[in-house]
Amino acid sequence: MSFEPPLEKYSVKIREVAWGHGEKTVRTGGENALPFHYFEGSLPNLAVLALEIVDIEPENWAPELIEQYQDVVSSPAKWAKKCVDFCGANAVCLRLLSTDPLGRNASPQEAAATAKTVADSIDAPLIVWGTGDEEKDTQVLTEVARVCAGENLLLGPVLKQNYEQIAKAAKDHGHGIVAQASMDANLTKELNIALCKFFPGDKIVVDPTSSALGYGLEFTFSIIERIKQFGLADRDNMMLMPILADVGVESWRAKEAKLNRDQGILWEAVTGLSFLLAGANILILRHPDSLRVIKEMITEC
Amino acid sequence: MALKGADILKKLPKTNCKECGFPTCFAFAMKIATGGAKVEDCPHISPESKAELEAELSPPIKLVTIGAGANALVVGEEEVMFRHEKTFFHEPGIAILISDKEAEEEIDRKLKKISGFDFERIGQKLKVNLLALSYDSGEKAKYEALVRKAVETTEMAFVLICCDTDVLFSAAALCAARKPLVYPIGKENLSAAIPRLKELKVPAGVYGKGLDEVIEVASALRNAGIEEMVLDSGPKNMLEGVRDNTLIRRSALKKGFRPLGYPTITFPCFMYKDKLKESLAAAAFMTKYAGIIVLSQPDEHFLLPLLVYRFNIYSDPRRPMTVEEKVYEVSNPDENSPILITTNYALDFFIVSGAIEEAGLPAYLCIKNTEGLGVLASWTSGKFNGEAIAAFFAKYSVEKKVKHRKLIIPGVAKKLKDELEEDLPGWEIVLGPNEASDIPKFLSEEWKQ
């Protein structure tokens, strides 16, 4: 009796989102199999590993992290460039913390100018991230969309409360969006349905909201697995968007991550790898060594 | 792949004698199919049919016990491919390698360190389960000395890793009462191993180069009446391990394929020299179905993330972690201390109480039972709104604890502020920070009595 390995084939595939422009274009998604299941399907696009930069002096970052970037933290453009050229990031995520209304409250114009400068200085695609303040992000991200027209950024977080304006600006100026719903597969689906009424489905990436190892990881993990199942197994068209996980900010917040270098890197890398195994297509990380070790392991043959 | 009532009926006497307590054999068969009755309840079924039925009804993945007593590791009897379908049941065992080639002091140090580990999280102990004792010296006496020492100085259970079958089983005989896992049992040593396995009654660590060979070896062991085993298909890296573990789990659960119906054992320790990579591979195997994971060394900074990760993935998604509802006193508060309130979701509790402790300022932390829902979810469902909190205040006489009338609520619950101003007249509702990590700053700079 010869053994037939029980392979599972899906008849649909995750939507392929192309972002970045020209030579910097990267494709995300497009797989018709579960994560890393090369043995039973086609997964044409490796996960995109992005490093995060912020546009203010980083506050409360672990000393281990600051050490990596201290020569560049005062210049977003230099920092972004280091991430790509030196640290091996496939993409950069620029978090516009300067625009926090409870902080520096920088104007949308200032923020957009920074985004443009960063986009111009790297040979990689760019994610631009607000602070999560619904009203301010609307103003900031629509301005970023306008000023960076043609860059084909990924703009986020796009929420139920502000998706109409941001998605419209993204559409008008040729960008993709990251639609964020809070830890609930149904909310993710609802937001996608609302968006797809006027926004191209193949320019949407979803963010189900990340939690770190020890601080809710399993919730994010299972939501990502469920979204993948709804999409591939149940063929739900509104759940076939690729998935992004914002891992760095969450995992380095943990007190355990700040206690020891290896423990910190692992706190982030385990969180990130876990979400890749669940089905995430893009990770936003902070430490270059987490990025390096994940990248080396997912590209092994 | 559960057996259907109709298939079970085929093996029953079909006399409808009612002695099992059911009106017909068909009714009895249906009950057995749903787990509401046992085959042995039928006094007239033939011994052969009974044995066949019980084998077919047994869980698709065998329950395997390594070790004995309080430190035994129990793995297997899993039911799902995805934890959200139900839950994962038995946490994989973590084993740490000690080689008989190491210096005595190093062996002593490791034995002491590993058996002395005391990791805890949210009131749960996170255990390192097994010692993996490896024969590398080429000297039987040295290996036996290592095993003896492990028996004498620890209470732990063992994986014996030894490619000399004689040495493997003499070492196993030294600790047979502790049911060690003996590895590797493969094509080459099957005939020598089978009688020893039966004699010592220890579980077998099957090695096969690839799934076909694993099936061959496992089938031979099954036919010889060996019941407990774990499987190693020899994957060379993380992605191969994920593939093999997935196919083995699927074969067992979805095809009812018995030769692969056992937990797996994985060896990140042999796959990677880099400790970060070894740890990531271990995490991947924990995520994807492994029963035992063998690591190369006992460094707590590499272990803690894995122990916490295992705890997270194997937590039951059907039950949120909660803490008791009450007014917690952090650092001995008095009548002038601040009052904060949040939900009884365990994570919220630990993050917030940890942040308050970090601030070094005494405070009262009101924990309201929201059945484990977080702030926004429980506000939406009415468990953490103005009315509910006012009731909490009355129940726990919060007013009597302090002279002031200020309540600090989580910053994300902006909408709660207005409600509370109505439902708690006389109280000033202060919006705390959005992030618990900003609580120390908030308390030291902004809290004024």
# chains A, B, ... in the order shown; residues from 1 in each chain; ligands from 1
call {"tool": "select_by_dssp", "arguments": {"residues": "segment 36-223 of chain A", "states": "alpha helix (DSSP H)", "output": "PyMOL selection string"}}
result
chain A and resi 63-69+76-85+108-121+134-147+163-173+185-196+217-223
call {"tool": "residues_around", "arguments": {"residues": "Lys288 of chain B", "least_positions_apart": "6", "cutoff": "10 Å", "atoms": "only C-alpha atoms", "output": "PyMOL selection string"}}
result
(chain A and resi 274+277-278) or (chain B and resi 81-82+241-246+249+282)
call {"tool": "interface_residues", "arguments": {"of": "chain B", "to": "chain A", "cutoff": "6 Å", "atoms": "only C-alpha atoms", "output": "ChimeraX atom specification"}}
result
/B:301,305,308,312-313
call {"tool": "select_by_dssp", "arguments": {"residues": "segment 66-198 of chain A", "states": "strand (DSSP E or B)", "output": "list in words"}}
result
Ala91, Val92, Cys93, Leu94, Arg95, Leu126, Ile127, Val128, Trp129, Leu154, Leu155, Gly156, Pro157, Val158, Gly176, Ile177, Val178, Ala179 and Gln180 of chain A
call {"tool": "closest_residue", "arguments": {"among": "A:His173, A:Met183, A:Asp100, A:Ala111", "to": "Ala377 of chain B", "atoms": "only C-alpha atoms"}}
result
A:Met183
call {"tool": "residues_around", "arguments": {"residues": "Thr34 of chain B", "least_positions_apart": "2", "cutoff": "10 Å", "atoms": "only C-alpha atoms", "output": "list in words"}}
result
Ala2, Leu3, Lys4, Gly5, Ala29, Met30, Lys31, Ile32, Gly36 and Ala37 of chain B
call {"tool": "residues_around", "arguments": {"residues": "Gly386 of chain B", "least_positions_apart": "5", "cutoff": "10 Å", "atoms": "only C-alpha atoms", "output": "number ranges by chain"}}
result
B: 379, 391-392, 415-424
call {"tool": "closest_residue", "arguments": {"among": "B:Ala33, B:Leu303, B:Cys20, B:Ala359", "to": "Ile96 of chain B", "atoms": "only C-alpha atoms"}}
result
B:Leu303
call {"tool": "closest_residue", "arguments": {"among": "A:Asn162, A:Ser74, A:Asn192, A:Gln109", "to": "Arg146 of chain A", "atoms": "only C-alpha atoms"}}
result
A:Gln109
call {"tool": "atom_distance", "arguments": {"atom1": "atom CA of Glu250 of chain A", "atom2": "atom CA of Glu57 of chain A"}}
result
18.0 Å
call {"tool": "residues_around", "arguments": {"residues": "segment 62-73 of chain A", "least_positions_apart": "2", "cutoff": "7 Å", "atoms": "only C-alpha atoms", "output": "PyMOL selection string"}}
result
chain A and resi 57+60+75-76+78-79+252+258+261+287
call {"tool": "write_last_selection", "arguments": {"atoms": "N, CA and C atoms", "output": "compact mmCIF listing (two decimals), in the first residue's frame"}}
result
# COMPACT_ATOMS: atom_id res chain seq x y z
N GLU A 57 11.83 61.80 17.66
CA GLU A 57 12.78 61.01 18.47
C GLU A 57 11.99 59.86 19.10
N ASN A 60 10.50 55.80 24.60
CA ASN A 60 10.25 54.49 25.22
C ASN A 60 10.68 53.31 24.37
N SER A 75 16.89 61.61 11.29
CA SER A 75 16.50 61.89 9.91
C SER A 75 15.72 60.73 9.33
N PRO A 76 14.40 60.91 9.16
CA PRO A 76 13.60 59.81 8.60
C PRO A 76 14.17 59.28 7.29
N LYS A 78 17.29 59.23 6.20
CA LYS A 78 18.51 58.43 6.44
C LYS A 78 18.14 57.11 7.11
N TRP A 79 17.23 57.20 8.04
CA TRP A 79 16.80 56.01 8.77
C TRP A 79 16.18 55.00 7.80
N TRP A 252 7.72 45.11 21.13
CA TRP A 252 8.74 45.83 21.90
C TRP A 252 8.16 46.61 23.06
N LYS A 258 12.27 44.20 26.78
CA LYS A 258 13.29 45.20 27.09
C LYS A 258 14.38 44.68 28.04
N ARG A 261 18.73 41.32 25.20
CA ARG A 261 18.78 41.44 23.75
C ARG A 261 18.14 40.25 23.03
N HIS A 287 13.33 45.40 14.82
CA HIS A 287 14.75 45.08 14.98
C HIS A 287 15.28 44.39 13.72
call {"tool": "decode", "arguments": {"residues": "segment 28-126 of chain B", "atoms": "C-alpha atoms", "output": "CSV table (one decimal), in the first residue's frame"}}
result
chain,number,residue,atom,x,y,z
B,28,PHE,CA,-27.4,2.1,20.8
B,29,ALA,CA,-25.2,2.4,17.7
B,30,MET,CA,-26.2,6.1,17.2
B,31,LYS,CA,-25.4,6.8,20.9
B,32,ILE,CA,-22.0,5.2,20.5
B,33,ALA,CA,-21.3,7.4,17.5
B,34,THR,CA,-21.9,10.5,19.5
B,35,GLY,CA,-20.0,9.3,22.5
B,36,GLY,CA,-23.0,8.8,24.7
B,37,ALA,CA,-22.5,5.0,25.2
B,38,LYS,CA,-19.7,2.5,25.3
B,39,VAL,CA,-19.3,-0.6,23.2
B,40,GLU,CA,-18.7,-2.6,26.3
B,41,ASP,CA,-22.3,-1.9,27.5
B,42,CYS,CA,-23.4,-4.6,25.0
B,43,PRO,CA,-23.2,-8.0,26.9
B,44,HIS,CA,-23.6,-10.0,23.7
B,45,ILE,CA,-21.2,-8.5,21.2
B,46,SER,CA,-18.5,-10.9,20.0
B,47,PRO,CA,-14.9,-10.3,21.3
B,48,GLU,CA,-13.6,-9.8,17.8
B,49,SER,CA,-16.3,-7.3,16.9
B,50,LYS,CA,-15.8,-5.5,20.2
B,51,ALA,CA,-12.0,-5.2,19.6
B,52,GLU,CA,-12.5,-4.0,16.0
B,53,LEU,CA,-15.1,-1.5,17.0
B,54,GLU,CA,-13.1,-0.1,19.9
B,55,ALA,CA,-10.0,0.2,17.6
B,56,GLU,CA,-12.1,2.1,15.0
B,57,LEU,CA,-13.6,4.4,17.7
B,58,SER,CA,-10.4,5.2,19.4
B,59,PRO,CA,-9.1,8.7,19.0
B,60,PRO,CA,-7.3,9.3,15.7
B,61,ILE,CA,-4.1,10.4,17.4
B,62,LYS,CA,-2.9,8.2,20.2
B,63,LEU,CA,-2.4,9.6,23.7
B,64,VAL,CA,1.2,8.9,24.7
B,65,THR,CA,2.7,9.3,28.1
B,66,ILE,CA,6.4,9.8,28.7
B,67,GLY,CA,7.5,9.7,32.3
B,68,ALA,CA,5.5,8.8,35.3
B,69,GLY,CA,3.9,10.6,38.2
B,70,ALA,CA,3.6,14.4,38.5
B,71,ASN,CA,6.2,15.1,35.9
B,72,ALA,CA,4.8,12.9,33.2
B,73,LEU,CA,4.2,14.4,29.8
B,74,VAL,CA,1.0,13.5,28.1
B,75,VAL,CA,0.6,14.3,24.4
B,76,GLY,CA,-1.7,13.3,21.6
B,77,GLU,CA,-5.5,13.0,21.3
B,78,GLU,CA,-5.7,16.2,19.3
B,79,GLU,CA,-8.9,16.8,17.3
B,80,VAL,CA,-8.4,19.8,15.1
B,81,MET,CA,-6.1,21.4,12.4
B,82,PHE,CA,-6.9,24.9,13.6
B,83,ARG,CA,-7.2,25.9,17.3
B,84,HIS,CA,-10.2,28.1,16.4
B,85,GLU,CA,-12.2,25.0,15.4
B,86,LYS,CA,-12.2,23.9,19.0
B,87,THR,CA,-8.9,24.0,20.9
B,88,PHE,CA,-5.5,22.3,21.0
B,89,PHE,CA,-5.5,20.0,24.0
B,90,HIS,CA,-2.1,18.8,25.1
B,91,GLU,CA,0.8,21.2,25.1
B,92,PRO,CA,3.9,19.9,23.3
B,93,GLY,CA,6.7,18.8,25.6
B,94,ILE,CA,9.9,20.8,25.7
B,95,ALA,CA,13.0,18.7,26.1
B,96,ILE,CA,16.5,20.0,26.7
B,97,LEU,CA,19.6,18.2,25.4
B,98,ILE,CA,22.5,17.0,27.5
B,99,SER,CA,25.2,15.0,25.9
B,100,ASP,CA,27.3,12.3,27.6
B,101,LYS,CA,30.3,13.9,25.9
B,102,GLU,CA,30.1,17.0,28.0
B,103,ALA,CA,32.3,17.7,31.0
B,104,GLU,CA,31.0,16.5,34.4
B,105,GLU,CA,30.7,20.0,35.8
B,106,GLU,CA,28.8,21.1,32.7
B,107,ILE,CA,26.4,18.1,33.1
B,108,ASP,CA,25.9,18.9,36.7
B,109,ARG,CA,25.3,22.5,36.0
B,110,LYS,CA,22.7,21.8,33.3
B,111,LEU,CA,20.9,19.2,35.3
B,112,LYS,CA,20.6,21.5,38.3
B,113,LYS,CA,19.5,24.5,36.1
B,114,ILE,CA,16.9,22.6,34.1
B,115,SER,CA,15.3,20.8,37.0
B,116,GLY,CA,15.3,24.1,38.9
B,117,PHE,CA,13.5,26.2,36.3
B,118,ASP,CA,10.5,28.0,37.8
B,119,PHE,CA,8.7,30.0,35.2
B,120,GLU,CA,5.3,31.4,35.9
B,121,ARG,CA,2.8,33.5,34.1
B,122,ILE,CA,-0.7,34.6,35.2
B,123,GLY,CA,-0.5,32.1,38.0
B,124,GLN,CA,0.4,29.2,35.8
B,125,LYS,CA,3.6,27.2,35.9
B,126,LEU,CA,5.4,27.0,32.5
